[in-house]
Amino acid sequence: MKLSIILAAVLGYSALCLTNAAQKKPAQPAGPPPKPSPTVVATPAAKQTPTQPTPAPTTTATPAATASPKPTATSTPSATSSPAAPPAAVGAKEPCEDKVQASGIPLCSRVQPKEIVLSKDAKNPKDRPVLLTHEAHATKNYSEDGKSVIGCTVCHHTDQPKTALSGVLKTSERNVVLTAATLAAKPVASCRACHEQTGKTPARWPALPTVKYPDDDDPTTLTNDEAYHRNCNTCHEAVKKRNPATKAPTTCAGCHNGGTR
């Protein structure tokens, strides 16, 4: 009987404790429950489409780099790589090219001679032959100042355009300045073709040309001797004055030495 009373008391006390605990539990706030924080595992997109690193573009993958290569030096012409201008075309053969003068010099020619013996047919014993080193005069610095090659028109004065003539020079027989390149287009006449010896009629003129020089009182007949002495002596004397050691002859014997120089 006592045991039943004790057991009933214990059960009653336990039920009272549970009731008190339920009454002390705090009330839940009104409103919707807070959303759970998303996680990487719970996101389907993270599993199905993982982020992949973007590859960096390369030069070989760019079409423009392979389709348009940089030009090289050989494919880009420049002032230094441009070929030189071609020589003038060879003109038609002229009748004077088949004629040889008494001196043995062709009346006209397209070939530059190495040497020429002048006054070879002179009648006067004093006019011994003169050796003209044509190649040396045409290729070396034989100008008066010693710094350049003598221009062809210094001697062949008619072989230049009329606009280039100056002083007492009046006759032009070439539309371009005579050079080694333009010689092929038209032959150049020898000096004797216009400046013959005294008493002779030149092959290309009805009479010997005459000129009135500013320092002369009377007109001068330009014979072979006159033309040579005015042109050659004037240059030789200027060179000798600039350089006394030069070999340019300035005396009669220096030039008229039999053509053996």
# chains A, B, ... in the order shown; residues from 1 in each chain; ligands from 1
$ select_by_dssp --residues "region 84-171 of chain A" --states "strand (DSSP E)" --output "MDAnalysis selection string"
chainID A and resid 108:109 116:118 130:132
$ write_last_selection --atoms "N, CA, C and O atoms" --output "compact mmCIF listing (two decimals), in the first residue's frame"
# COMPACT_ATOMS: atom_id res chain seq x y z
N CYS A 108 82.25 59.90 -136.75
CA CYS A 108 81.42 59.86 -135.54
C CYS A 108 81.40 58.43 -135.02
O CYS A 108 81.66 57.48 -135.77
N SER A 109 81.10 58.27 -133.75
CA SER A 109 81.16 56.93 -133.15
C SER A 109 80.32 56.88 -131.88
O SER A 109 80.06 57.91 -131.25
N ILE A 116 93.57 58.59 -128.45
CA ILE A 116 93.44 59.12 -129.80
C ILE A 116 94.72 59.89 -130.13
O ILE A 116 95.20 60.68 -129.31
N VAL A 117 95.25 59.65 -131.31
CA VAL A 117 96.41 60.41 -131.79
C VAL A 117 95.90 61.53 -132.69
O VAL A 117 95.36 61.28 -133.75
N LEU A 118 96.07 62.77 -132.23
CA LEU A 118 95.61 63.94 -132.95
C LEU A 118 96.70 64.48 -133.87
O LEU A 118 97.90 64.25 -133.63
N VAL A 130 99.77 64.46 -131.38
CA VAL A 130 99.47 64.65 -129.95
C VAL A 130 98.64 63.48 -129.46
O VAL A 130 97.63 63.13 -130.08
N LEU A 131 99.06 62.90 -128.36
CA LEU A 131 98.32 61.77 -127.80
C LEU A 131 97.29 62.28 -126.79
O LEU A 131 97.64 62.91 -125.79
N LEU A 132 96.02 62.00 -127.07
CA LEU A 132 94.95 62.35 -126.14
C LEU A 132 94.51 61.09 -125.39
O LEU A 132 93.99 60.15 -126.00
$ select_by_dssp --residues "region 72-182 of chain A" --states "helix (DSSP H, G or I)" --output "compact mmCIF listing (two decimals) with all heavy atoms, in the first residue's frame"
# COMPACT_ATOMS: atom_id res chain seq x y z
N PRO A 95 74.99 57.72 -141.33
CA PRO A 95 76.02 57.59 -142.38
C PRO A 95 77.43 57.93 -141.90
O PRO A 95 78.40 57.34 -142.37
CB PRO A 95 75.55 58.60 -143.44
CG PRO A 95 74.08 58.72 -143.22
CD PRO A 95 73.88 58.57 -141.75
N CYS A 96 77.55 58.86 -140.96
CA CYS A 96 78.88 59.26 -140.51
C CYS A 96 79.62 58.14 -139.80
O CYS A 96 80.86 58.18 -139.68
CB CYS A 96 78.77 60.48 -139.59
SG CYS A 96 77.81 60.18 -138.08
N GLU A 97 78.90 57.11 -139.32
CA GLU A 97 79.55 56.01 -138.60
C GLU A 97 80.38 55.12 -139.52
O GLU A 97 81.18 54.31 -139.05
CB GLU A 97 78.50 55.18 -137.86
CG GLU A 97 77.78 55.96 -136.76
CD GLU A 97 76.80 55.11 -135.97
OE1 GLU A 97 77.25 54.30 -135.14
OE2 GLU A 97 75.58 55.26 -136.19
N ASP A 98 80.18 55.23 -140.82
CA ASP A 98 80.94 54.41 -141.77
C ASP A 98 82.12 55.17 -142.37
O ASP A 98 82.82 54.64 -143.23
CB ASP A 98 80.03 53.93 -142.91
CG ASP A 98 78.95 52.97 -142.41
OD1 ASP A 98 79.24 52.20 -141.47
OD2 ASP A 98 77.82 53.01 -142.94
N HIS A 134 91.98 59.70 -123.89
CA HIS A 134 90.54 59.96 -123.78
C HIS A 134 89.92 59.22 -122.59
O HIS A 134 89.12 59.79 -121.84
CB HIS A 134 89.84 59.55 -125.08
CG HIS A 134 88.39 59.94 -125.14
ND1 HIS A 134 87.40 59.23 -124.51
CD2 HIS A 134 87.78 60.99 -125.75
CE1 HIS A 134 86.24 59.81 -124.73
NE2 HIS A 134 86.43 60.88 -125.48
N GLU A 135 90.27 57.96 -122.41
CA GLU A 135 89.68 57.18 -121.32
C GLU A 135 90.01 57.78 -119.96
O GLU A 135 89.15 57.87 -119.07
CB GLU A 135 90.16 55.73 -121.39
CG GLU A 135 89.53 54.82 -120.34
CD GLU A 135 90.02 53.39 -120.47
OE1 GLU A 135 91.18 53.12 -120.08
OE2 GLU A 135 89.25 52.55 -120.97
N ALA A 136 91.25 58.22 -119.78
CA ALA A 136 91.65 58.82 -118.51
C ALA A 136 90.90 60.13 -118.27
O ALA A 136 90.44 60.41 -117.15
CB ALA A 136 93.15 59.07 -118.49
N HIS A 137 90.73 60.93 -119.32
CA HIS A 137 90.02 62.20 -119.18
C HIS A 137 88.53 61.98 -118.89
O HIS A 137 87.88 62.83 -118.28
CB HIS A 137 90.18 63.04 -120.45
CG HIS A 137 91.49 63.73 -120.54
ND1 HIS A 137 92.68 63.07 -120.81
CD2 HIS A 137 91.82 65.05 -120.39
CE1 HIS A 137 93.68 63.93 -120.83
NE2 HIS A 137 93.19 65.15 -120.58
N ALA A 138 87.99 60.84 -119.34
CA ALA A 138 86.56 60.57 -119.17
C ALA A 138 86.23 59.82 -117.88
O ALA A 138 85.05 59.72 -117.52
CB ALA A 138 86.05 59.77 -120.37
N THR A 139 87.23 59.29 -117.18
CA THR A 139 86.95 58.47 -116.00
C THR A 139 87.66 58.94 -114.73
O THR A 139 87.28 58.53 -113.63
CB THR A 139 87.35 57.00 -116.27
OG1 THR A 139 88.75 56.95 -116.61
CG2 THR A 139 86.54 56.42 -117.42
N CYS A 152 81.35 65.36 -120.49
CA CYS A 152 81.54 65.15 -121.93
C CYS A 152 81.36 66.45 -122.72
O CYS A 152 82.05 66.70 -123.71
CB CYS A 152 80.55 64.10 -122.45
SG CYS A 152 80.75 62.47 -121.72
N THR A 153 80.42 67.28 -122.28
CA THR A 153 80.11 68.49 -123.04
C THR A 153 81.16 69.59 -122.90
O THR A 153 81.07 70.61 -123.57
CB THR A 153 78.74 69.05 -122.60
OG1 THR A 153 78.75 69.28 -121.18
CG2 THR A 153 77.62 68.08 -122.94
N VAL A 154 82.15 69.39 -122.04
CA VAL A 154 83.23 70.37 -121.96
C VAL A 154 83.97 70.41 -123.30
O VAL A 154 84.38 71.49 -123.76
CB VAL A 154 84.20 70.02 -120.82
CG1 VAL A 154 85.46 70.88 -120.87
CG2 VAL A 154 83.51 70.18 -119.48
N LYS A 162 69.69 72.88 -126.21
CA LYS A 162 69.92 74.30 -126.48
C LYS A 162 69.81 75.13 -125.21
O LYS A 162 70.50 76.14 -125.05
CB LYS A 162 68.92 74.80 -127.53
CG LYS A 162 69.23 76.18 -128.10
CD LYS A 162 68.32 76.52 -129.25
CE LYS A 162 68.69 77.88 -129.86
NZ LYS A 162 70.05 77.89 -130.42
N THR A 163 68.94 74.72 -124.30
CA THR A 163 68.76 75.47 -123.05
C THR A 163 70.00 75.41 -122.15
O THR A 163 70.14 76.23 -121.24
CB THR A 163 67.56 74.91 -122.27
OG1 THR A 163 67.73 73.49 -122.08
CG2 THR A 163 66.27 75.15 -123.02
N ALA A 164 70.88 74.44 -122.41
CA ALA A 164 72.08 74.30 -121.58
C ALA A 164 73.26 75.09 -122.15
O ALA A 164 74.29 75.23 -121.49
CB ALA A 164 72.46 72.83 -121.45
N THR A 182 73.97 57.97 -122.57
CA THR A 182 73.18 58.47 -123.70
C THR A 182 73.92 58.37 -125.03
O THR A 182 73.35 58.65 -126.08
CB THR A 182 72.79 59.94 -123.47
OG1 THR A 182 73.98 60.75 -123.36
CG2 THR A 182 71.97 60.08 -122.20
$ closest_residue --among "A:Pro113, A:Pro206, A:His195, A:Cys252" --to "Tyr228 (chain A)" --atoms "only C-alpha atoms"
A:His195
$ residues_around --residues "Pro161 (chain A)" --least-positions-apart "2" --cutoff "10 Å" --atoms "only C-alpha atoms" --output "VMD selection string"
chain A and resid 157 to 159 163 to 165 171 to 178
$ atom_distance --atom1 "CA of Val239 (chain A)" --atom2 "CA of Arg128 (chain A)"
23.7 Å
$ atom_distance --atom1 "CA of Ala207 (chain A)" --atom2 "CA of Arg192 (chain A)"
12.4 Å
